[in-house]
file query-v2.cif (mmCIF, C-alpha atoms and all ligand atoms)
data_input
loop_
_atom_site.label_atom_id
_atom_site.label_comp_id
_atom_site.auth_asym_id
_atom_site.auth_seq_id
_atom_site.Cartn_x
_atom_site.Cartn_y
_atom_site.Cartn_z
CA MET A 12 80.28 109.59 184.59
CA ALA A 13 77.54 111.13 186.67
CA LYS A 14 78.79 112.85 189.82
CA SER A 15 76.21 111.12 191.96
CA ASP A 16 77.70 107.73 191.10
CA SER A 17 81.14 108.67 192.36
CA LEU A 18 82.39 106.41 195.16
CA LEU A 19 85.86 107.93 195.34
CA THR A 20 86.58 111.50 194.31
CA VAL A 21 90.15 112.75 194.22
CA ASN A 22 90.17 116.47 193.58
CA ASP A 23 93.33 118.42 192.73
CA ILE A 24 95.66 116.71 195.20
CA HIS A 25 99.28 117.68 195.78
CA THR A 26 101.39 115.04 197.53
CA TYR A 27 105.02 115.29 198.64
CA TYR A 28 107.74 113.12 200.15
CA GLY A 29 109.61 115.75 202.13
CA ASP A 30 110.61 118.35 199.55
CA SER A 31 109.94 116.01 196.65
CA TYR A 32 106.77 117.21 194.89
CA VAL A 33 105.16 114.13 193.32
CA LEU A 34 101.41 114.53 192.74
CA GLN A 35 100.93 117.95 191.19
CA GLY A 36 97.21 118.58 191.06
CA LEU A 37 95.83 115.14 190.32
CA SER A 38 92.09 114.52 190.00
CA LEU A 39 90.15 111.34 189.27
CA GLU A 40 86.97 109.51 190.19
CA VAL A 41 85.94 105.92 190.70
CA ALA A 42 82.28 105.25 190.05
CA SER A 43 80.33 102.86 192.20
CA GLY A 44 80.37 99.32 190.80
CA GLN A 45 83.14 100.05 188.31
CA ILE A 46 86.80 99.35 187.70
CA ALA A 47 88.86 102.47 187.06
CA THR A 48 92.40 101.88 185.88
CA LEU A 49 95.38 104.17 186.29
CA LEU A 50 98.01 103.61 183.62
CA GLY A 51 101.41 105.19 183.45
CA ARG A 52 105.11 104.61 183.21
CA ASN A 53 107.39 103.88 186.14
CA GLY A 54 107.95 106.71 188.59
CA MET A 55 104.97 108.81 187.45
CA GLY A 56 103.22 108.73 190.84
CA LYS A 57 100.83 105.77 190.67
CA THR A 58 101.83 104.27 194.01
CA THR A 59 101.90 107.74 195.52
CA LEU A 60 98.25 108.18 194.49
CA ILE A 61 97.36 104.86 196.15
CA ARG A 62 99.26 105.92 199.28
CA SER A 63 97.47 109.28 199.27
CA VAL A 64 94.03 107.66 199.11
CA ALA A 65 94.86 105.03 201.75
CA GLY A 66 96.04 107.74 204.15
CA LEU A 67 99.68 106.53 204.18
CA THR A 68 101.04 109.70 202.53
CA PRO A 69 98.19 112.21 202.77
CA PRO A 70 98.16 115.08 200.28
CA ARG A 71 99.20 118.52 201.50
CA ARG A 72 96.56 120.18 199.36
CA GLY A 73 93.39 119.07 197.62
CA THR A 74 90.61 116.77 198.77
CA ILE A 75 89.84 113.07 198.70
CA SER A 76 86.32 111.97 199.45
CA PHE A 77 84.99 108.47 199.80
CA LYS A 78 81.25 107.77 199.90
CA GLY A 79 80.75 111.52 200.13
CA LYS A 80 82.96 111.90 203.20
CA SER A 81 86.25 113.81 203.23
CA LEU A 82 89.20 111.63 204.27
CA ALA A 83 91.23 114.62 205.49
CA GLY A 84 92.89 113.82 208.82
CA TYR A 85 91.87 110.13 208.73
CA ALA A 86 94.51 107.59 209.75
CA PRO A 87 94.91 104.54 207.47
CA TYR A 88 93.08 102.18 209.83
CA ARG A 89 90.07 104.50 209.97
CA ILE A 90 90.01 104.72 206.19
CA SER A 91 89.98 100.91 206.00
CA GLN A 92 87.10 100.86 208.48
CA LEU A 93 85.14 103.06 206.10
CA GLY A 94 85.30 100.27 203.52
CA LEU A 95 88.46 100.88 201.55
CA ALA A 96 90.99 98.02 201.23
CA LEU A 97 94.51 97.99 199.82
CA VAL A 98 96.34 95.36 197.81
CA PRO A 99 99.80 96.91 197.94
CA GLN A 100 102.50 96.75 195.31
CA GLY A 101 104.70 93.72 195.97
CA ARG A 102 101.82 91.93 197.79
CA ARG A 103 103.16 92.39 201.34
CA ILE A 104 101.74 89.18 202.70
CA PHE A 105 103.17 87.76 205.93
CA SER A 106 105.62 85.02 204.90
CA ALA A 107 105.82 83.41 208.33
CA LEU A 108 102.04 83.23 208.84
CA THR A 109 99.92 80.55 207.23
CA VAL A 110 97.53 81.34 204.41
CA ARG A 111 94.62 81.10 206.86
CA GLU A 112 96.32 83.43 209.35
CA ASN A 113 97.09 85.93 206.60
CA LEU A 114 93.41 86.00 205.67
CA LEU A 115 92.37 86.55 209.27
CA VAL A 116 94.61 89.60 209.78
CA PRO A 117 92.09 92.22 208.57
CA THR A 118 89.11 90.66 210.34
CA SER A 119 90.73 91.05 213.72
CA LYS A 120 90.68 94.81 213.08
CA LEU A 121 87.45 95.05 211.15
CA ALA A 122 85.39 92.46 212.99
CA GLY A 123 81.70 92.95 212.52
CA ARG A 124 81.96 95.32 209.57
CA LYS A 125 79.01 94.42 207.41
CA GLY A 126 79.43 96.71 204.47
CA GLN A 127 76.50 98.45 202.91
CA GLY A 128 74.72 98.57 199.64
CA ASN A 129 73.60 95.78 197.41
CA GLY A 130 73.39 92.97 199.93
CA GLN A 131 76.28 91.12 198.32
CA ARG A 132 78.84 92.86 200.48
CA GLY A 133 79.41 91.39 203.87
CA ARG A 134 79.54 87.99 202.27
CA TRP A 135 83.29 87.47 202.54
CA ASN A 136 84.70 85.21 205.21
CA LEU A 137 87.25 82.37 205.30
CA THR A 138 84.83 79.98 203.62
CA THR A 139 83.75 82.21 200.76
CA VAL A 140 87.29 83.48 200.08
CA MET A 141 88.54 79.88 199.91
CA GLU A 142 85.69 79.08 197.50
CA GLU A 143 86.69 81.99 195.30
CA PHE A 144 90.35 80.91 195.38
CA PRO A 145 90.50 77.08 195.58
CA GLN A 146 94.30 77.22 195.38
CA LEU A 147 94.33 79.05 198.71
CA ALA A 148 92.04 76.44 200.25
CA GLU A 149 94.48 73.71 199.26
CA ARG A 150 97.31 75.61 200.92
CA ALA A 151 95.46 76.99 203.93
CA ALA A 152 97.95 75.59 206.44
CA GLN A 153 101.08 76.41 204.42
CA SER A 154 103.16 79.48 205.14
CA GLY A 155 102.58 82.53 202.96
CA GLY A 156 106.25 82.47 202.01
CA SER A 157 105.91 79.01 200.45
CA LEU A 158 103.36 80.17 197.87
CA SER A 159 104.12 81.00 194.24
CA GLY A 160 103.95 84.64 193.13
CA GLY A 161 100.48 84.16 191.66
CA GLU A 162 99.21 82.47 194.81
CA GLN A 163 100.65 85.24 196.97
CA GLN A 164 98.80 87.75 194.80
CA MET A 165 95.57 85.79 195.27
CA LEU A 166 96.23 85.82 199.00
CA ALA A 167 96.71 89.59 198.97
CA ILE A 168 93.41 90.00 197.12
CA GLY A 169 91.65 87.47 199.37
CA ARG A 170 92.92 89.34 202.42
CA ALA A 171 91.50 92.59 201.05
CA LEU A 172 88.13 90.93 200.40
CA MET A 173 87.97 89.65 204.01
CA ALA A 174 87.37 93.25 205.08
CA ASN A 175 84.26 93.37 202.86
CA PRO A 176 85.34 96.66 201.32
CA ASP A 177 83.32 98.89 199.02
CA LEU A 178 86.47 99.86 197.13
CA ILE A 179 89.71 97.92 196.62
CA LEU A 180 92.90 99.73 195.64
CA MET A 181 95.19 97.37 193.71
CA ASP A 182 98.75 98.42 192.95
CA GLU A 183 100.17 96.47 189.99
CA PRO A 184 98.70 93.07 190.88
CA SER A 185 99.99 91.56 187.61
CA GLU A 186 103.61 92.58 188.26
CA GLY A 187 105.94 89.62 187.76
CA LEU A 188 103.19 87.18 186.80
CA ALA A 189 103.32 84.86 183.79
CA PRO A 190 100.99 85.92 180.92
CA VAL A 191 98.59 83.03 181.51
CA LEU A 192 98.15 84.20 185.11
CA VAL A 193 97.59 87.79 184.00
CA THR A 194 94.50 86.61 182.11
CA GLN A 195 93.30 84.78 185.21
CA PHE A 196 93.69 87.92 187.32
CA GLY A 197 91.62 89.85 184.82
CA GLU A 198 88.86 87.32 185.39
CA ILE A 199 89.27 87.60 189.15
CA MET A 200 88.86 91.38 188.97
CA GLN A 201 85.73 91.08 186.86
CA SER A 202 84.31 88.56 189.31
CA ILE A 203 85.01 90.93 192.21
CA ARG A 204 83.26 93.75 190.38
CA GLU A 205 80.25 91.52 189.66
CA GLN A 206 80.02 90.87 193.37
CA GLY A 207 79.50 94.54 194.07
CA HIS A 208 82.98 95.87 194.80
CA SER A 209 84.58 98.78 192.98
CA ILE A 210 88.26 98.71 192.08
CA LEU A 211 90.92 101.33 191.47
CA LEU A 212 93.54 99.37 189.56
CA VAL A 213 97.06 100.63 188.98
CA GLU A 214 98.64 98.78 186.08
CA GLN A 215 101.58 98.73 183.73
CA ASN A 216 100.05 95.84 181.84
CA PHE A 217 98.16 97.66 179.11
CA GLY A 218 96.21 94.63 177.89
CA LEU A 219 94.90 93.77 181.33
CA ALA A 220 94.02 97.36 182.08
CA MET A 221 92.09 97.76 178.83
CA ASP A 222 90.30 94.42 179.26
CA VAL A 223 88.88 95.05 182.69
CA ALA A 224 88.49 98.82 182.90
CA ASP A 225 85.23 100.70 182.71
CA TYR A 226 87.26 103.88 182.65
CA VAL A 227 90.96 104.61 182.17
CA TYR A 228 93.18 107.40 183.49
CA VAL A 229 96.68 108.03 182.15
CA ILE A 230 99.16 109.62 184.55
CA THR A 231 102.26 111.56 183.60
CA SER A 232 104.49 113.34 186.12
CA GLY A 233 101.94 113.46 188.90
CA ARG A 234 98.99 114.63 186.80
CA ILE A 235 96.26 112.99 184.76
CA ALA A 236 97.22 113.54 181.13
CA TYR A 237 94.21 111.83 179.60
CA HIS A 238 91.05 110.00 180.66
CA ALA A 239 88.54 108.08 178.61
CA THR A 240 86.78 104.78 178.17
CA PRO A 241 89.08 101.95 177.00
CA LYS A 242 87.39 102.09 173.61
CA GLU A 243 88.17 105.79 173.23
CA LEU A 244 91.74 105.36 174.43
CA GLU A 245 92.42 102.66 171.85
CA GLU A 246 91.95 105.26 169.11
CA GLU A 247 94.33 107.75 170.68
CA THR A 248 97.59 106.65 169.10
CA GLU A 249 99.34 109.85 170.11
CA VAL A 250 98.41 109.48 173.80
CA LEU A 251 99.45 105.84 173.74
CA ASP A 252 102.76 106.63 172.15
CA GLN A 253 103.60 109.73 174.17
CA HIS A 254 102.52 108.64 177.64
CA LEU A 255 102.64 104.87 177.57
CA GLY A 256 105.21 104.05 174.90
CA ILE A 257 102.77 101.85 173.00
N1 LIG B 1 109.34 107.32 199.92
C1 LIG B 1 109.74 108.14 198.95
N2 LIG B 1 110.55 109.20 199.19
C2 LIG B 1 110.95 110.03 198.21
N3 LIG B 1 110.56 109.92 196.92
C3 LIG B 1 109.76 108.90 196.61
C4 LIG B 1 109.30 107.95 197.60
N4 LIG B 1 108.52 107.03 196.98
C5 LIG B 1 108.49 107.39 195.68
N5 LIG B 1 109.22 108.50 195.46
C6 LIG B 1 109.40 109.20 194.17
O1 LIG B 1 108.12 109.65 193.75
C7 LIG B 1 107.95 109.49 192.34
C8 LIG B 1 106.72 108.67 192.07
O2 LIG B 1 106.91 107.36 192.61
P1 LIG B 1 105.77 106.26 192.60
O3 LIG B 1 104.51 106.86 193.07
O4 LIG B 1 106.29 105.08 193.36
O5 LIG B 1 105.67 105.93 191.03
P2 LIG B 1 105.00 104.71 190.26
O6 LIG B 1 104.21 103.92 191.24
O7 LIG B 1 104.16 105.36 189.19
O8 LIG B 1 106.12 103.92 189.66
C9 LIG B 1 109.24 108.88 191.83
O9 LIG B 1 110.05 109.90 191.34
C10 LIG B 1 109.85 108.25 193.08
O10 LIG B 1 111.25 108.23 192.99
MG MG B 2 104.33 101.91 191.83
#

call {"tool": "encode", "arguments": {"input": "query-v2.cif", "output": "structure tokens"}}
result
Amino acid sequence: MAKSDSLLTVNDIHTYYGDSYVLQGLSLEVASGQIATLLGRNGMGKTTLIRSVAGLTPPRRGTISFKGKSLAGYAPYRISQLGLALVPQGRRIFSALTVRENLLVPTSKLAGRKGQGNGQRGRWNLTTVMEEFPQLAERAAQSGGSLSGGEQQMLAIGRALMANPDLILMDEPSEGLAPVLVTQFGEIMQSIREQGHSILLVEQNFGLAMDVADYVYVITSGRIAYHATPKELEEETEVLDQHLGI
């Protein structure tokens, strides 16, 4: 990947929870217009990477830059204003709010953000999100808590799109979904990429990750153990066995 195409650059970051040393010199890049996937077993530091990038648990050492700008010292809300949206693990939608209200949460904070680039960004609003996810349109007035797991995941993705982000961080969106829905979410991610957004996808679902990724990173114990195109990774039986148990 050419350096100039890098939208997100994570360079040698070290992230802790108190004394607990989790990310131990992790580096990766997400290229503009691409889906990069981070694969790894439970407890390896995937969510911690997402939290580091989003500014929730900033690294103590190392640098993270987004669109060429260092995120050091940026609070999470400022990072989201720069065009970086989060679909957190476990969805974290508001159960008591309606679907429509859930979708409007980010716009109250990011009102007027147009996004830059290919002219496609800036297109997301209540109408276009509902068009992308007809199931949400049907349930616009229902409470978030009344939705199925798959619908809640769509809502979490729709909510992220409402901010018209350049990059979406998705933390295990397929977790707990039936296999038929996993396929549908793969299609949703590809559609989002086609509409000009880049994605950093954290996954345990190997098939989904390999289907949608332009580039794959494998994490073990807070470091990247291997990175390659999906095609290259498929051939690496030792990496698959050792780091992913496949
Ligand atoms: N808030 C926290 N405080 C202390 N340790 C944590 C916290 N969150 C996660 N950890 C630890 O950090 C490591 C990486 O966790 P995490 O990033 O959630 O892994 P993954 O998302 O890959 O399953 C694990 O050992 C986990 O127990
Ligand atoms: Mg996690």

call {"tool": "atom_distance", "arguments": {"input": "query-v2.cif", "atom1": "CA of Val110 in chain A", "atom2": "CA of Pro145 in chain A"}}
result
12.1 Å

call {"tool": "residues_around", "arguments": {"input": "query-v2.cif", "residues": "Ile203 in chain A", "least_positions_apart": "6", "cutoff": "10 Å", "atoms": "only C-alpha atoms", "output": "PDB file with C-alpha atoms, in the frame of the given file"}}
result
ATOM      1  CA  GLY A  44      80.370  99.320 190.800  1.00  0.00           C
ATOM      2  CA  ILE A  46      86.800  99.350 187.700  1.00  0.00           C
ATOM      3  CA  GLU A 143      86.690  81.990 195.300  1.00  0.00           C
ATOM      4  CA  ILE A 168      93.410  90.000 197.120  1.00  0.00           C
ATOM      5  CA  LEU A 172      88.130  90.930 200.400  1.00  0.00           C
ATOM      6  CA  ILE A 179      89.710  97.920 196.620  1.00  0.00           C
ATOM      7  CA  GLY A 197      91.620  89.850 184.820  1.00  0.00           C
ATOM      8  CA  SER A 209      84.580  98.780 192.980  1.00  0.00           C
ATOM      9  CA  ILE A 210      88.260  98.710 192.080  1.00  0.00           C
TER      10      ILE A 210
END

call {"tool": "residues_near_ligand", "arguments": {"input": "query-v2.cif", "ligand": "ligand MG 2 (chain B)", "cutoff": "8 Å", "atoms": "all atoms listed in the file", "output": "PyMOL selection string"}}
result
chain A and resi 53-54+56-59+100+182-183+213

call {"tool": "closest_residue", "arguments": {"input": "query-v2.cif", "among": "A:Arg111, A:Arg134, A:His208, A:Lys242", "to": "Gly94 in chain A", "atoms": "all atoms listed in the file"}}
result
A:His208

call {"tool": "residues_near_ligand", "arguments": {"input": "query-v2.cif", "ligand": "ligand LIG 1 (chain B)", "cutoff": "12 Å", "atoms": "only C-alpha atoms and all ligand atoms", "output": "MDAnalysis selection string"}}
result
chainID A and resid 26:35 49:63 67:68 99:101 181:183 186 212:215 229:235 255

call {"tool": "closest_residue", "arguments": {"input": "query-v2.cif", "among": "A:Ile257, A:Ala236, A:Val250, A:Met141", "to": "Phe217 in chain A", "atoms": "all atoms listed in the file"}}
result
A:Ile257

call {"tool": "closest_residue", "arguments": {"input": "query-v2.cif", "among": "A:Glu247, A:Pro184, A:Val116, A:Gln206", "to": "Thr48 in chain A", "atoms": "all atoms listed in the file"}}
result
A:Pro184

call {"tool": "atom_distance", "arguments": {"input": "query-v2.cif", "atom1": "CA of Gln201 in chain A", "atom2": "CA of Val223 in chain A"}}
result
6.6 Å

call {"tool": "closest_residue", "arguments": {"input": "query-v2.cif", "among": "A:Gln164, A:Gln45, A:Thr240, A:Ser38", "to": "Arg103 in chain A", "atoms": "all atoms listed in the file"}}
result
A:Gln164

call {"tool": "closest_residue", "arguments": {"input": "query-v2.cif", "among": "A:Ser91, A:Leu180, A:Leu251, A:Leu115", "to": "Val41 in chain A", "atoms": "only C-alpha atoms"}}
result
A:Leu180

call {"tool": "residues_around", "arguments": {"input": "query-v2.cif", "residues": "Ala224 in chain A", "least_positions_apart": "2", "cutoff": "7 Å", "atoms": "all atoms listed in the file", "output": "PyMOL selection string"}}
result
chain A and resi 46-48+220-222+226-227+241

call {"tool": "write_last_selection", "arguments": {"input": "query-v2.cif", "atoms": "C-alpha atoms", "output": "compact mmCIF listing (two decimals), keeping the file's coordinate frame"}}
result
# COMPACT_ATOMS: atom_id res chain seq x y z
CA ILE A 46 86.80 99.35 187.70
CA ALA A 47 88.86 102.47 187.06
CA THR A 48 92.40 101.88 185.88
CA ALA A 220 94.02 97.36 182.08
CA MET A 221 92.09 97.76 178.83
CA ASP A 222 90.30 94.42 179.26
CA TYR A 226 87.26 103.88 182.65
CA VAL A 227 90.96 104.61 182.17
CA PRO A 241 89.08 101.95 177.00

call {"tool": "atom_distance", "arguments": {"input": "query-v2.cif", "atom1": "CA of Met200 in chain A", "atom2": "CA of Ser157 in chain A"}}
result
24.0 Å

call {"tool": "closest_residue", "arguments": {"input": "query-v2.cif", "among": "A:Ala174, A:Met165, A:Leu219, A:Leu244", "to": "Tyr88 in chain A", "atoms": "all atoms listed in the file"}}
result
A:Ala174

call {"tool": "residues_around", "arguments": {"input": "query-v2.cif", "residues": "Pro117 in chain A", "least_positions_apart": "3", "cutoff": "10 Å", "atoms": "only C-alpha atoms", "output": "VMD selection string"}}
result
chain A and resid 91 to 92 96 112 to 114 120 to 122 170 to 175

call {"tool": "build_atoms", "arguments": {"input": "query-v2.cif", "residues": "range 60-71 of chain A", "atoms": "all heavy atoms", "output": "PDB file, keeping the file's coordinate frame"}}
result
ATOM      1  N   LEU A  60      99.696 107.948 194.466  1.00  0.00           N
ATOM      2  CA  LEU A  60      98.250 108.180 194.490  1.00  0.00           C
ATOM      3  C   LEU A  60      97.579 107.175 195.427  1.00  0.00           C
ATOM      4  O   LEU A  60      96.746 107.550 196.267  1.00  0.00           O
ATOM      5  CB  LEU A  60      97.636 108.063 193.095  1.00  0.00           C
ATOM      6  CG  LEU A  60      96.098 108.052 193.169  1.00  0.00           C
ATOM      7  CD1 LEU A  60      95.561 109.413 193.573  1.00  0.00           C
ATOM      8  CD2 LEU A  60      95.468 107.554 191.918  1.00  0.00           C
ATOM      9  N   ILE A  61      97.935 105.895 195.287  1.00  0.00           N
ATOM     10  CA  ILE A  61      97.360 104.860 196.150  1.00  0.00           C
ATOM     11  C   ILE A  61      97.651 105.196 197.622  1.00  0.00           C
ATOM     12  O   ILE A  61      96.762 105.116 198.481  1.00  0.00           O
ATOM     13  CB  ILE A  61      97.961 103.473 195.789  1.00  0.00           C
ATOM     14  CG1 ILE A  61      97.570 103.071 194.363  1.00  0.00           C
ATOM     15  CG2 ILE A  61      97.578 102.426 196.814  1.00  0.00           C
ATOM     16  CD1 ILE A  61      96.196 102.520 194.200  1.00  0.00           C
ATOM     17  N   ARG A  62      98.882 105.578 197.902  1.00  0.00           N
ATOM     18  CA  ARG A  62      99.260 105.920 199.280  1.00  0.00           C
ATOM     19  C   ARG A  62      98.491 107.146 199.778  1.00  0.00           C
ATOM     20  O   ARG A  62      98.134 107.225 200.955  1.00  0.00           O
ATOM     21  CB  ARG A  62     100.772 106.182 199.386  1.00  0.00           C
ATOM     22  CG  ARG A  62     101.625 104.937 199.146  1.00  0.00           C
ATOM     23  CD  ARG A  62     103.114 105.242 199.342  1.00  0.00           C
ATOM     24  NE  ARG A  62     103.375 105.754 200.681  1.00  0.00           N
ATOM     25  CZ  ARG A  62     103.607 104.978 201.751  1.00  0.00           C
ATOM     26  NH1 ARG A  62     103.633 103.669 201.625  1.00  0.00           N
ATOM     27  NH2 ARG A  62     103.810 105.531 202.928  1.00  0.00           N
ATOM     28  N   SER A  63      98.240 108.085 198.886  1.00  0.00           N
ATOM     29  CA  SER A  63      97.470 109.280 199.270  1.00  0.00           C
ATOM     30  C   SER A  63      96.051 108.895 199.671  1.00  0.00           C
ATOM     31  O   SER A  63      95.535 109.355 200.694  1.00  0.00           O
ATOM     32  CB  SER A  63      97.421 110.281 198.117  1.00  0.00           C
ATOM     33  OG  SER A  63      98.710 110.704 197.752  1.00  0.00           O
ATOM     34  N   VAL A  64      95.423 108.044 198.858  1.00  0.00           N
ATOM     35  CA  VAL A  64      94.030 107.660 199.110  1.00  0.00           C
ATOM     36  C   VAL A  64      93.932 106.828 200.389  1.00  0.00           C
ATOM     37  O   VAL A  64      93.010 106.988 201.190  1.00  0.00           O
ATOM     38  CB  VAL A  64      93.443 106.886 197.908  1.00  0.00           C
ATOM     39  CG1 VAL A  64      92.053 106.349 198.235  1.00  0.00           C
ATOM     40  CG2 VAL A  64      93.393 107.776 196.665  1.00  0.00           C
ATOM     41  N   ALA A  65      94.908 105.928 200.589  1.00  0.00           N
ATOM     42  CA  ALA A  65      94.860 105.030 201.750  1.00  0.00           C
ATOM     43  C   ALA A  65      95.259 105.739 203.052  1.00  0.00           C
ATOM     44  O   ALA A  65      95.202 105.135 204.122  1.00  0.00           O
ATOM     45  CB  ALA A  65      95.771 103.829 201.508  1.00  0.00           C
ATOM     46  N   GLY A  66      95.693 106.989 202.952  1.00  0.00           N
ATOM     47  CA  GLY A  66      96.040 107.740 204.150  1.00  0.00           C
ATOM     48  C   GLY A  66      97.483 107.531 204.609  1.00  0.00           C
ATOM     49  O   GLY A  66      97.871 107.991 205.681  1.00  0.00           O
ATOM     50  N   LEU A  67      98.283 106.827 203.786  1.00  0.00           N
ATOM     51  CA  LEU A  67      99.680 106.530 204.180  1.00  0.00           C
ATOM     52  C   LEU A  67     100.577 107.742 203.925  1.00  0.00           C
ATOM     53  O   LEU A  67     101.515 107.991 204.683  1.00  0.00           O
ATOM     54  CB  LEU A  67     100.185 105.309 203.407  1.00  0.00           C
ATOM     55  CG  LEU A  67      99.421 104.017 203.707  1.00  0.00           C
ATOM     56  CD1 LEU A  67      99.708 102.943 202.654  1.00  0.00           C
ATOM     57  CD2 LEU A  67      99.789 103.496 205.094  1.00  0.00           C
ATOM     58  N   THR A  68     100.325 108.449 202.836  1.00  0.00           N
ATOM     59  CA  THR A  68     101.040 109.700 202.530  1.00  0.00           C
ATOM     60  C   THR A  68      99.979 110.721 202.134  1.00  0.00           C
ATOM     61  O   THR A  68      99.713 110.923 200.955  1.00  0.00           O
ATOM     62  CB  THR A  68     102.041 109.497 201.364  1.00  0.00           C
ATOM     63  OG1 THR A  68     102.845 108.349 201.636  1.00  0.00           O
ATOM     64  CG2 THR A  68     102.952 110.704 201.210  1.00  0.00           C
ATOM     65  N   PRO A  69      99.320 111.328 203.107  1.00  0.00           N
ATOM     66  CA  PRO A  69      98.190 112.210 202.770  1.00  0.00           C
ATOM     67  C   PRO A  69      98.654 113.419 201.953  1.00  0.00           C
ATOM     68  O   PRO A  69      99.781 113.872 202.120  1.00  0.00           O
ATOM     69  CB  PRO A  69      97.673 112.663 204.145  1.00  0.00           C
ATOM     70  CG  PRO A  69      98.295 111.742 205.142  1.00  0.00           C
ATOM     71  CD  PRO A  69      99.573 111.238 204.538  1.00  0.00           C
ATOM     72  N   PRO A  70      97.803 113.899 201.069  1.00  0.00           N
ATOM     73  CA  PRO A  70      98.160 115.080 200.280  1.00  0.00           C
ATOM     74  C   PRO A  70      98.265 116.320 201.166  1.00  0.00           C
ATOM     75  O   PRO A  70      97.589 116.412 202.183  1.00  0.00           O
ATOM     76  CB  PRO A  70      96.990 115.216 199.300  1.00  0.00           C
ATOM     77  CG  PRO A  70      95.863 114.475 199.918  1.00  0.00           C
ATOM     78  CD  PRO A  70      96.463 113.394 200.762  1.00  0.00           C
ATOM     79  N   ARG A  71      99.118 117.258 200.749  1.00  0.00           N
ATOM     80  CA  ARG A  71      99.200 118.520 201.500  1.00  0.00           C
ATOM     81  C   ARG A  71      98.097 119.485 201.079  1.00  0.00           C
ATOM     82  O   ARG A  71      97.687 120.343 201.841  1.00  0.00           O
ATOM     83  CB  ARG A  71     100.557 119.193 201.266  1.00  0.00           C
ATOM     84  CG  ARG A  71     101.629 118.487 202.071  1.00  0.00           C
ATOM     85  CD  ARG A  71     102.891 119.285 202.190  1.00  0.00           C
ATOM     86  NE  ARG A  71     103.982 118.355 202.470  1.00  0.00           N
ATOM     87  CZ  ARG A  71     105.256 118.593 202.212  1.00  0.00           C
ATOM     88  NH1 ARG A  71     105.614 119.746 201.669  1.00  0.00           N
ATOM     89  NH2 ARG A  71     106.162 117.685 202.496  1.00  0.00           N
TER      90      ARG A  71
END
